[in-house]
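Chemist: File run-v5.cif follows (mmCIF, C-alpha atoms):
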```cif
data_data
loop_
_atom_site.label_atom_id
_atom_site.label_comp_id
_atom_site.auth_asym_id
_atom_site.auth_seq_id
_atom_site.Cartn_x
_atom_site.Cartn_y
_atom_site.Cartn_z
CA MET A 4 -17.28 -0.80 18.19
CA PRO A 5 -13.86 -2.48 18.62
CA THR A 6 -10.76 -0.32 18.27
CA PRO A 7 -9.19 -0.64 14.79
CA LEU A 8 -5.81 -2.33 14.54
CA LEU A 9 -4.50 0.75 12.68
CA GLU A 10 -6.04 4.18 12.47
CA VAL A 11 -4.59 7.00 10.37
CA LYS A 12 -6.04 10.44 11.11
CA ASN A 13 -5.43 13.56 9.02
CA LEU A 14 -1.90 12.48 8.03
CA HIS A 15 0.32 15.12 6.43
CA THR A 16 3.76 14.23 5.02
CA SER A 17 5.84 16.79 3.17
CA PHE A 18 9.22 17.05 1.45
CA LYS A 19 11.45 20.13 1.37
CA THR A 20 12.92 20.84 -2.07
CA ASP A 21 14.75 23.70 -3.74
CA LYS A 22 11.45 24.74 -5.30
CA GLY A 23 9.46 24.66 -2.07
CA VAL A 24 7.68 22.26 0.28
CA ILE A 25 5.85 19.45 -1.53
CA PRO A 26 2.75 18.16 0.37
CA SER A 27 3.01 14.53 -0.74
CA VAL A 28 0.30 13.28 1.64
CA ASN A 29 -2.35 15.85 2.48
CA GLY A 30 -4.83 14.99 5.23
CA VAL A 31 -5.21 11.25 4.62
CA SER A 32 -7.42 9.26 7.00
CA PHE A 33 -8.43 5.58 7.05
CA SER A 34 -8.46 2.56 9.37
CA VAL A 35 -7.66 -1.15 9.15
CA GLU A 36 -9.32 -3.83 11.27
CA GLU A 37 -7.73 -7.11 12.38
CA GLY A 38 -8.00 -9.64 9.57
CA GLU A 39 -9.07 -7.00 7.04
CA THR A 40 -7.40 -6.23 3.71
CA LEU A 41 -7.51 -2.58 2.67
CA ALA A 42 -6.36 -1.74 -0.86
CA ILE A 43 -4.92 1.68 -1.70
CA VAL A 44 -5.02 2.47 -5.40
CA GLY A 45 -4.17 5.40 -7.64
CA GLU A 46 -1.71 6.60 -10.28
CA SER A 47 2.02 6.81 -9.63
CA GLY A 48 2.79 9.88 -7.55
CA CYS A 49 -0.56 10.03 -5.77
CA GLY A 50 0.96 9.38 -2.34
CA LYS A 51 0.31 5.66 -1.82
CA SER A 52 3.88 4.61 -1.04
CA VAL A 53 4.62 7.75 1.01
CA THR A 54 1.56 6.95 3.14
CA SER A 55 2.87 3.44 3.79
CA LEU A 56 6.39 4.67 4.59
CA SER A 57 4.89 7.20 7.00
CA ILE A 58 3.09 4.40 8.83
CA MET A 59 6.33 2.42 9.11
CA GLY A 60 8.28 5.46 10.34
CA LEU A 61 10.61 5.32 7.33
CA ILE A 62 10.30 8.88 6.01
CA ALA A 63 13.84 10.18 5.71
CA SER A 64 15.06 13.78 5.43
CA PRO A 65 14.20 16.03 3.61
CA GLY A 66 10.78 14.43 4.20
CA ALA A 67 8.84 14.61 7.46
CA ILE A 68 5.44 13.87 8.94
CA THR A 69 4.08 17.35 9.59
CA GLY A 70 0.70 16.51 11.10
CA GLY A 71 -1.81 13.87 12.05
CA GLU A 72 -1.89 10.64 14.04
CA ILE A 73 -1.00 7.03 13.20
CA THR A 74 -2.39 4.78 15.94
CA PHE A 75 -1.36 1.10 15.94
CA GLN A 76 -2.77 -1.13 18.69
CA GLY A 77 -3.46 1.98 20.78
CA ARG A 78 0.00 3.55 20.33
CA ASP A 79 0.62 6.71 18.31
CA LEU A 80 3.51 5.74 16.04
CA VAL A 81 4.33 9.37 15.28
CA LYS A 82 5.34 9.89 18.93
CA LEU A 83 7.46 6.74 19.31
CA SER A 84 11.25 6.89 19.44
CA ARG A 85 13.40 5.28 16.75
CA LYS A 86 14.27 2.46 19.15
CA GLU A 87 10.61 1.75 19.88
CA LEU A 88 9.78 1.76 16.16
CA ARG A 89 12.61 -0.68 15.42
CA LYS A 90 11.09 -3.14 17.91
CA LEU A 91 7.78 -2.97 16.05
CA ARG A 92 9.13 -3.09 12.49
CA GLY A 93 9.67 -6.62 11.22
CA ASN A 94 7.89 -8.05 14.24
CA GLU A 95 4.39 -6.68 14.85
CA MET A 96 4.29 -4.66 11.62
CA SER A 97 6.10 -5.47 8.37
CA MET A 98 6.34 -4.15 4.84
CA ILE A 99 6.98 -5.75 1.48
CA PHE A 100 8.86 -3.10 -0.48
CA GLN A 101 8.30 -2.43 -4.17
CA GLU A 102 11.95 -2.74 -5.26
CA PRO A 103 13.78 -5.67 -3.62
CA MET A 104 17.22 -4.91 -5.08
CA THR A 105 17.45 -1.65 -3.16
CA SER A 106 15.97 -3.19 0.01
CA LEU A 107 18.35 -6.15 0.37
CA ASN A 108 21.93 -5.57 1.57
CA PRO A 109 24.29 -6.56 -1.29
CA VAL A 110 27.18 -7.60 1.01
CA PHE A 111 25.27 -10.14 3.13
CA THR A 112 23.88 -13.49 2.09
CA ILE A 113 20.14 -14.06 1.88
CA GLY A 114 20.38 -16.42 4.85
CA ASN A 115 22.12 -13.85 7.04
CA GLN A 116 19.54 -11.17 6.28
CA LEU A 117 16.54 -13.41 6.84
CA ALA A 118 17.98 -15.10 9.94
CA GLU A 119 18.52 -11.66 11.52
CA VAL A 120 14.74 -11.23 11.72
CA PHE A 121 14.36 -14.41 13.79
CA ARG A 122 17.38 -13.70 15.99
CA ILE A 123 16.41 -10.11 16.84
CA HIS A 124 12.65 -10.50 17.27
CA GLN A 125 12.34 -14.13 18.43
CA GLY A 126 15.66 -14.71 20.17
CA ALA A 127 16.38 -17.74 17.98
CA SER A 128 19.82 -19.37 18.02
CA LYS A 129 21.98 -19.28 14.89
CA ALA A 130 20.98 -22.82 13.93
CA GLU A 131 17.28 -22.23 14.67
CA ALA A 132 17.29 -18.99 12.70
CA ARG A 133 18.85 -20.70 9.69
CA GLN A 134 16.28 -23.51 9.73
CA LYS A 135 13.41 -21.03 10.13
CA SER A 136 14.84 -19.06 7.19
CA VAL A 137 14.88 -22.15 4.97
CA ASP A 138 11.32 -23.04 6.01
CA MET A 139 10.10 -19.50 5.30
CA LEU A 140 11.70 -19.43 1.86
CA GLN A 141 10.02 -22.72 1.04
CA ARG A 142 6.65 -21.22 2.05
CA VAL A 143 7.03 -18.48 -0.57
CA GLY A 144 7.70 -21.00 -3.33
CA ILE A 145 11.50 -21.36 -3.38
CA ALA A 146 12.29 -25.04 -3.90
CA ASN A 147 16.07 -24.95 -3.39
CA ALA A 148 15.88 -22.83 -0.23
CA SER A 149 18.76 -24.58 1.59
CA LYS A 150 21.10 -23.58 -1.26
CA LEU A 151 19.70 -20.09 -1.73
CA VAL A 152 20.39 -19.01 1.88
CA GLY A 153 24.10 -19.00 1.02
CA GLN A 154 23.72 -16.76 -2.02
CA PHE A 155 23.92 -12.98 -2.35
CA PRO A 156 21.13 -10.75 -3.74
CA HIS A 157 22.89 -10.12 -7.06
CA GLN A 158 22.89 -13.87 -7.74
CA LEU A 159 19.09 -14.00 -7.74
CA SER A 160 16.57 -12.99 -10.36
CA GLY A 161 14.19 -10.11 -9.69
CA GLY A 162 11.33 -12.47 -8.93
CA MET A 163 13.44 -14.51 -6.51
CA ARG A 164 14.57 -11.37 -4.68
CA GLN A 165 10.93 -10.30 -4.39
CA ARG A 166 10.04 -13.64 -2.80
CA VAL A 167 12.92 -13.22 -0.33
CA MET A 168 11.51 -9.80 0.66
CA ILE A 169 8.07 -11.36 1.13
CA ALA A 170 9.59 -14.10 3.30
CA MET A 171 11.29 -11.47 5.49
CA ALA A 172 8.06 -9.51 5.87
CA LEU A 173 6.00 -12.59 6.81
CA ALA A 174 8.67 -14.22 9.01
CA CYS A 175 7.30 -13.13 12.41
CA GLU A 176 3.63 -13.35 11.37
CA PRO A 177 3.01 -9.61 11.90
CA LYS A 178 -0.26 -8.09 13.06
CA LEU A 179 -0.03 -5.50 10.27
CA LEU A 180 1.41 -6.18 6.82
CA ILE A 181 1.90 -3.43 4.25
CA ALA A 182 2.38 -4.86 0.77
CA ASP A 183 3.60 -2.28 -1.76
CA GLU A 184 3.16 -3.88 -5.20
CA PRO A 185 4.04 -7.29 -3.69
CA THR A 186 3.85 -9.27 -6.92
CA THR A 187 5.99 -7.01 -9.13
CA ALA A 188 8.30 -9.08 -11.42
CA LEU A 189 6.60 -12.37 -10.52
CA ASP A 190 4.99 -14.68 -13.06
CA VAL A 191 1.27 -15.34 -12.70
CA THR A 192 1.71 -18.75 -11.02
CA ILE A 193 3.98 -17.40 -8.27
CA GLN A 194 1.84 -14.26 -8.06
CA ALA A 195 -1.20 -16.38 -7.22
CA GLN A 196 0.83 -18.35 -4.67
CA ILE A 197 2.05 -15.18 -2.92
CA LEU A 198 -1.39 -13.60 -2.85
CA ASP A 199 -2.81 -16.82 -1.41
CA LEU A 200 -0.09 -16.80 1.27
CA ILE A 201 -0.93 -13.22 2.25
CA SER A 202 -4.65 -14.05 2.29
CA THR A 203 -4.05 -17.11 4.48
CA LEU A 204 -1.96 -15.07 6.92
CA SER A 205 -4.72 -12.49 7.13
CA LYS A 206 -7.40 -15.09 7.87
CA ASP A 207 -5.45 -17.44 10.15
CA GLN A 208 -3.46 -14.87 12.15
CA HIS A 209 -6.04 -12.04 11.90
CA THR A 210 -3.37 -9.91 10.25
CA GLY A 211 -4.47 -6.53 8.92
CA VAL A 212 -3.19 -5.99 5.37
CA ILE A 213 -2.68 -2.75 3.45
CA LEU A 214 -2.33 -3.69 -0.22
CA ILE A 215 -0.88 -1.00 -2.47
CA THR A 216 -1.33 -1.84 -6.12
CA HIS A 217 -2.17 -0.62 -9.62
CA ASP A 218 -3.82 -3.95 -10.45
CA LEU A 219 -7.57 -3.64 -9.92
CA GLY A 220 -7.94 -7.35 -10.65
CA ILE A 221 -5.90 -8.10 -7.51
CA VAL A 222 -8.02 -5.56 -5.60
CA ALA A 223 -11.23 -7.32 -6.63
CA GLU A 224 -9.84 -10.68 -5.55
CA MET A 225 -8.03 -9.74 -2.33
CA ALA A 226 -9.44 -6.61 -0.71
CA ASP A 227 -12.37 -5.98 1.62
CA ARG A 228 -12.29 -2.19 1.26
CA VAL A 229 -10.62 0.25 -1.13
CA VAL A 230 -9.14 3.71 -0.66
CA VAL A 231 -8.62 5.66 -3.89
CA MET A 232 -5.95 8.39 -3.72
CA TYR A 233 -5.34 11.31 -6.04
CA ALA A 234 -2.76 14.11 -5.62
CA GLY A 235 -2.03 13.15 -2.01
CA GLU A 236 -5.66 12.94 -0.89
CA VAL A 237 -8.30 10.25 -0.42
CA VAL A 238 -10.95 10.89 -3.08
CA GLU A 239 -13.07 7.79 -2.48
CA GLU A 240 -13.42 4.98 0.05
CA ALA A 241 -15.84 2.07 -0.13
CA SER A 242 -16.21 -1.67 0.09
CA VAL A 243 -14.89 -3.54 -2.95
CA ALA A 244 -18.41 -4.47 -4.03
CA ASP A 245 -19.71 -0.88 -3.82
CA LEU A 246 -16.67 0.64 -5.50
CA PHE A 247 -16.78 -1.68 -8.52
CA ALA A 248 -20.57 -1.54 -8.83
CA ALA A 249 -21.23 2.16 -8.21
CA PRO A 250 -18.15 4.44 -8.00
CA LYS A 251 -18.95 8.00 -6.94
CA HIS A 252 -15.81 9.89 -7.97
CA PRO A 253 -14.95 10.57 -11.64
CA TYR A 254 -11.33 9.52 -11.06
CA THR A 255 -12.45 6.09 -9.84
CA VAL A 256 -14.73 5.81 -12.88
CA GLY A 257 -11.70 6.56 -15.06
CA LEU A 258 -9.59 3.89 -13.37
CA LEU A 259 -12.31 1.26 -13.74
CA GLY A 260 -13.02 2.32 -17.31
CA SER A 261 -9.40 1.65 -18.30
CA LEU A 262 -9.79 -2.06 -17.52
CA PRO A 263 -10.27 -4.56 -20.36
CA ARG A 264 -13.55 -6.47 -20.15
CA MET A 265 -14.34 -10.03 -21.21
CA ASP A 266 -17.96 -9.20 -22.09
CA GLU A 267 -17.27 -6.47 -24.65
CA GLN A 268 -14.94 -5.73 -27.54
CA ARG A 269 -13.12 -2.40 -27.77
CA ASP A 270 -10.79 -0.98 -30.37
CA GLN A 271 -8.83 0.73 -27.58
CA LEU A 272 -8.98 1.05 -23.81
CA ALA A 273 -10.33 4.20 -22.21
CA SER A 274 -7.85 6.55 -20.58
CA ILE A 275 -8.01 9.52 -18.22
CA PRO A 276 -7.01 12.67 -20.14
CA GLY A 277 -4.30 15.02 -18.87
CA MET A 278 -1.66 14.51 -16.20
CA VAL A 279 -1.47 14.35 -12.42
CA PRO A 280 -1.08 17.97 -11.21
CA ASN A 281 2.19 19.41 -9.96
CA LEU A 282 1.93 19.32 -6.16
CA LEU A 283 3.73 22.68 -6.01
CA ASP A 284 1.18 24.26 -8.34
CA MET A 285 -2.18 22.68 -7.62
CA PRO A 286 -5.26 23.85 -9.53
CA SER A 287 -7.86 25.86 -7.63
CA GLY A 288 -10.98 24.12 -6.41
CA CYS A 289 -11.05 20.36 -7.01
CA PRO A 290 -7.57 19.04 -7.92
CA PHE A 291 -9.14 16.68 -10.47
CA HIS A 292 -11.31 19.22 -12.31
CA PRO A 293 -8.88 19.85 -15.25
CA ARG A 294 -9.20 16.15 -16.17
CA CYS A 295 -12.85 15.64 -15.25
CA SER A 296 -15.72 15.29 -17.74
CA TYR A 297 -18.25 16.06 -14.97
CA ALA A 298 -16.60 19.33 -13.86
CA GLY A 299 -18.71 22.49 -13.70
CA SER A 300 -17.80 26.07 -12.91
CA GLU A 301 -18.18 25.47 -9.18
CA CYS A 302 -15.55 22.70 -9.35
CA THR A 303 -12.91 25.25 -10.35
CA VAL A 304 -13.55 27.30 -7.21
CA ILE A 305 -14.82 25.04 -4.41
CA LYS A 306 -12.52 22.40 -2.94
CA PRO A 307 -14.74 19.38 -2.13
CA GLN A 308 -14.61 17.56 1.20
CA LEU A 309 -14.77 13.79 1.74
CA GLU A 310 -18.46 13.16 2.42
CA GLN A 311 -20.60 10.09 2.97
CA VAL A 312 -22.53 9.07 -0.15
CA GLY A 313 -23.74 5.67 1.07
CA LYS A 314 -23.26 3.16 3.87
CA GLY A 315 -19.50 2.97 4.41
CA HIS A 316 -19.02 4.84 1.12
CA TYR A 317 -17.29 8.24 0.96
CA ALA A 318 -16.37 10.48 -1.97
CA ARG A 319 -14.65 13.85 -2.42
CA CYS A 320 -16.75 15.23 -5.29
CA LEU A 321 -19.34 17.99 -5.77
CA LYS A 322 -20.97 15.94 -8.55
CA SER A 323 -21.04 12.53 -6.82
CA GLU A 324 -24.81 12.14 -7.39
CA GLU A 325 -24.28 12.41 -11.16
CA VAL A 326 -21.25 10.07 -11.37
CA SER A 327 -21.76 6.58 -12.79
CA LEU A 328 -19.90 3.96 -14.80
#
```
Please lay out the structure from this file as structure tokens.
Modeler:
Amino acid sequence: MPTPLLEVKNLHTSFKTDKGVIPSVNGVSFSVEEGETLAIVGESGCGKSVTSLSIMGLIASPGAITGGEITFQGRDLVKLSRKELRKLRGNEMSMIFQEPMTSLNPVFTIGNQLAEVFRIHQGASKAEARQKSVDMLQRVGIANASKLVGQFPHQLSGGMRQRVMIAMALACEPKLLIADEPTTALDVTIQAQILDLISTLSKDQHTGVILITHDLGIVAEMADRVVVMYAGEVVEEASVADLFAAPKHPYTVGLLGSLPRMDEQRDQLASIPGMVPNLLDMPSGCPFHPRCSYAGSECTVIKPQLEQVGKGHYARCLKSEEVSL
């Protein structure tokens, strides 16, 4: 079998706090092939964004990667120096951040910030970098790009800033693109345009994409495989078709059950009872058992492992054979 573009093995990322060490990512493993789109889904606080920041080498103190490997094109990113990581970021691997206002520098124009990508990673001249910046902004649906390059982030709407961030991430046609809620604050027309742009990049340039989202509709449309995370762990992994047709973890069933359906009428949408557990005070046994309708006495004592339940399908559940939509 060919070597995956990205392989994450047993990743652990923790944060030191006054109340103790919080294990935000706890033994996460997955891989991404060239040209493949892997979606990571789960509730807020489950570790999706921390996993992506760990891959990019952007975990800042008091956080730290405390274990595991992150192999990108044969290189373990955990062992690279800051200088080596900077050469990769924005060039061979890029990330679309969830909140563009905190990711763009408020004292530099949009043109300066975008042109820097071309000048550092492609050695473009000032004039070439400016023209490439205008072209890239036009690709993400900004009509007046030549005017916008002279503006500052605070002069743009949230949706426009998000498109600028997407342009910066796609500028050097990276081999790996991490998209953390890439269509936040965008209207549905621009959302479709951006998703199509990411999909085209994946197909034409064989770019591997990690798509982090709460929108299962986007997952169904864009992704090849899905990783479901809960409380810092992978609880299910499968192809999109298998996950939507036959989920094998109760948490996944809950997520899918909360979706509105065109073929049935409901007075209210289903919801998962309870709250995500405190990572400093995790329940014994399966972390999901206090919220799970399938839980038995053994689930309160035995911590399940991620096991194969079908071809390319894995679930972390003692009751996976009983689970169904």
Chemist: Residue by residue, what does the PyMOL selection byres ((chain A and resi 95) around 9) grab here? Present the result as a VMD selection string.
Modeler: chain A and resid 90 to 94 96 to 97 175 to 180
Chemist: Go ahead and save the residues from that selection, with C-alpha atoms, as an mmCIF file, in the coordinates of the input.
Modeler:
```
data_model
loop_
_atom_site.group_PDB
_atom_site.id
_atom_site.type_symbol
_atom_site.label_atom_id
_atom_site.label_comp_id
_atom_site.auth_asym_id
_atom_site.auth_seq_id
_atom_site.Cartn_x
_atom_site.Cartn_y
_atom_site.Cartn_z
ATOM 1 C CA LYS A 90 11.090 -3.140 17.910
ATOM 2 C CA LEU A 91 7.780 -2.970 16.050
ATOM 3 C CA ARG A 92 9.130 -3.090 12.490
ATOM 4 C CA GLY A 93 9.670 -6.620 11.220
ATOM 5 C CA ASN A 94 7.890 -8.050 14.240
ATOM 6 C CA MET A 96 4.290 -4.660 11.620
ATOM 7 C CA SER A 97 6.100 -5.470 8.370
ATOM 8 C CA CYS A 175 7.300 -13.130 12.410
ATOM 9 C CA GLU A 176 3.630 -13.350 11.370
ATOM 10 C CA PRO A 177 3.010 -9.610 11.900
ATOM 11 C CA LYS A 178 -0.260 -8.090 13.060
ATOM 12 C CA LEU A 179 -0.030 -5.500 10.270
ATOM 13 C CA LEU A 180 1.410 -6.180 6.820
#
```
Chemist: What does the PyMOL selection byres ((chain A and resi 62) around 12) select in this file, as a list in words?
Modeler: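 On the file shown, the PyMOL selection byres ((chain A and resi 62) around 12) covers His15, Thr16, Ser17, Phe18, Ser27, Val28, Ser52, Val53, Thr54, Ser55, Leu56, Ser57, Ile58, Met59, Gly60, Leu61, Ala63, Ser64, Pro65, Gly66, Ala67, Ile68, Thr69, Val81 and Arg85 of chain A.
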Chemist: Counting all atoms listed in the file, which of A:Asn147, A:Gln308, A:Ser84, A:Gln76 gets nearest to Val237 in chain A?
Modeler: A:Gln308
Chemist: So which residues get picked by the PyMOL selection byres ((chain A and resi 282) around 9) here, written as a list in words?
Modeler: Ile25, Pro26, Ser27, Ala234, Gly235, Val279, Pro280, Asn281, Leu283, Asp284 and Met285 of chain A
Chemist: What separation in Å, quoted to one decimal, exists between CA of Thr112 in chain A and CA of Ala132 in chain A?
Modeler: 13.6 Å
Chemist: Mind checking which residues fall within 10 Å of Val167 in chain A, counting all atoms listed in the file, ignoring those fewer than 3 positions away in the same chain, and posting them as a list in words?
Modeler: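 So the residues in contact are Ile99, Pro103, Leu107, Ile113, Gly114, Gln116, Leu117, Ser136, Met139, Leu140, Val143, Gly144, Ile145, Leu151, Val152, Pro156, Leu159, Gly161, Gly162, Met163, Arg164, Ala170, Met171, Ala172 and Leu173 of chain A.
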Chemist: CA of Gly71 in chain A and CA of Leu83 in chain A, how far apart in Å?
Modeler: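 CA of Leu83 in chain A sits 13.8 Å away from CA of Gly71 in chain A.
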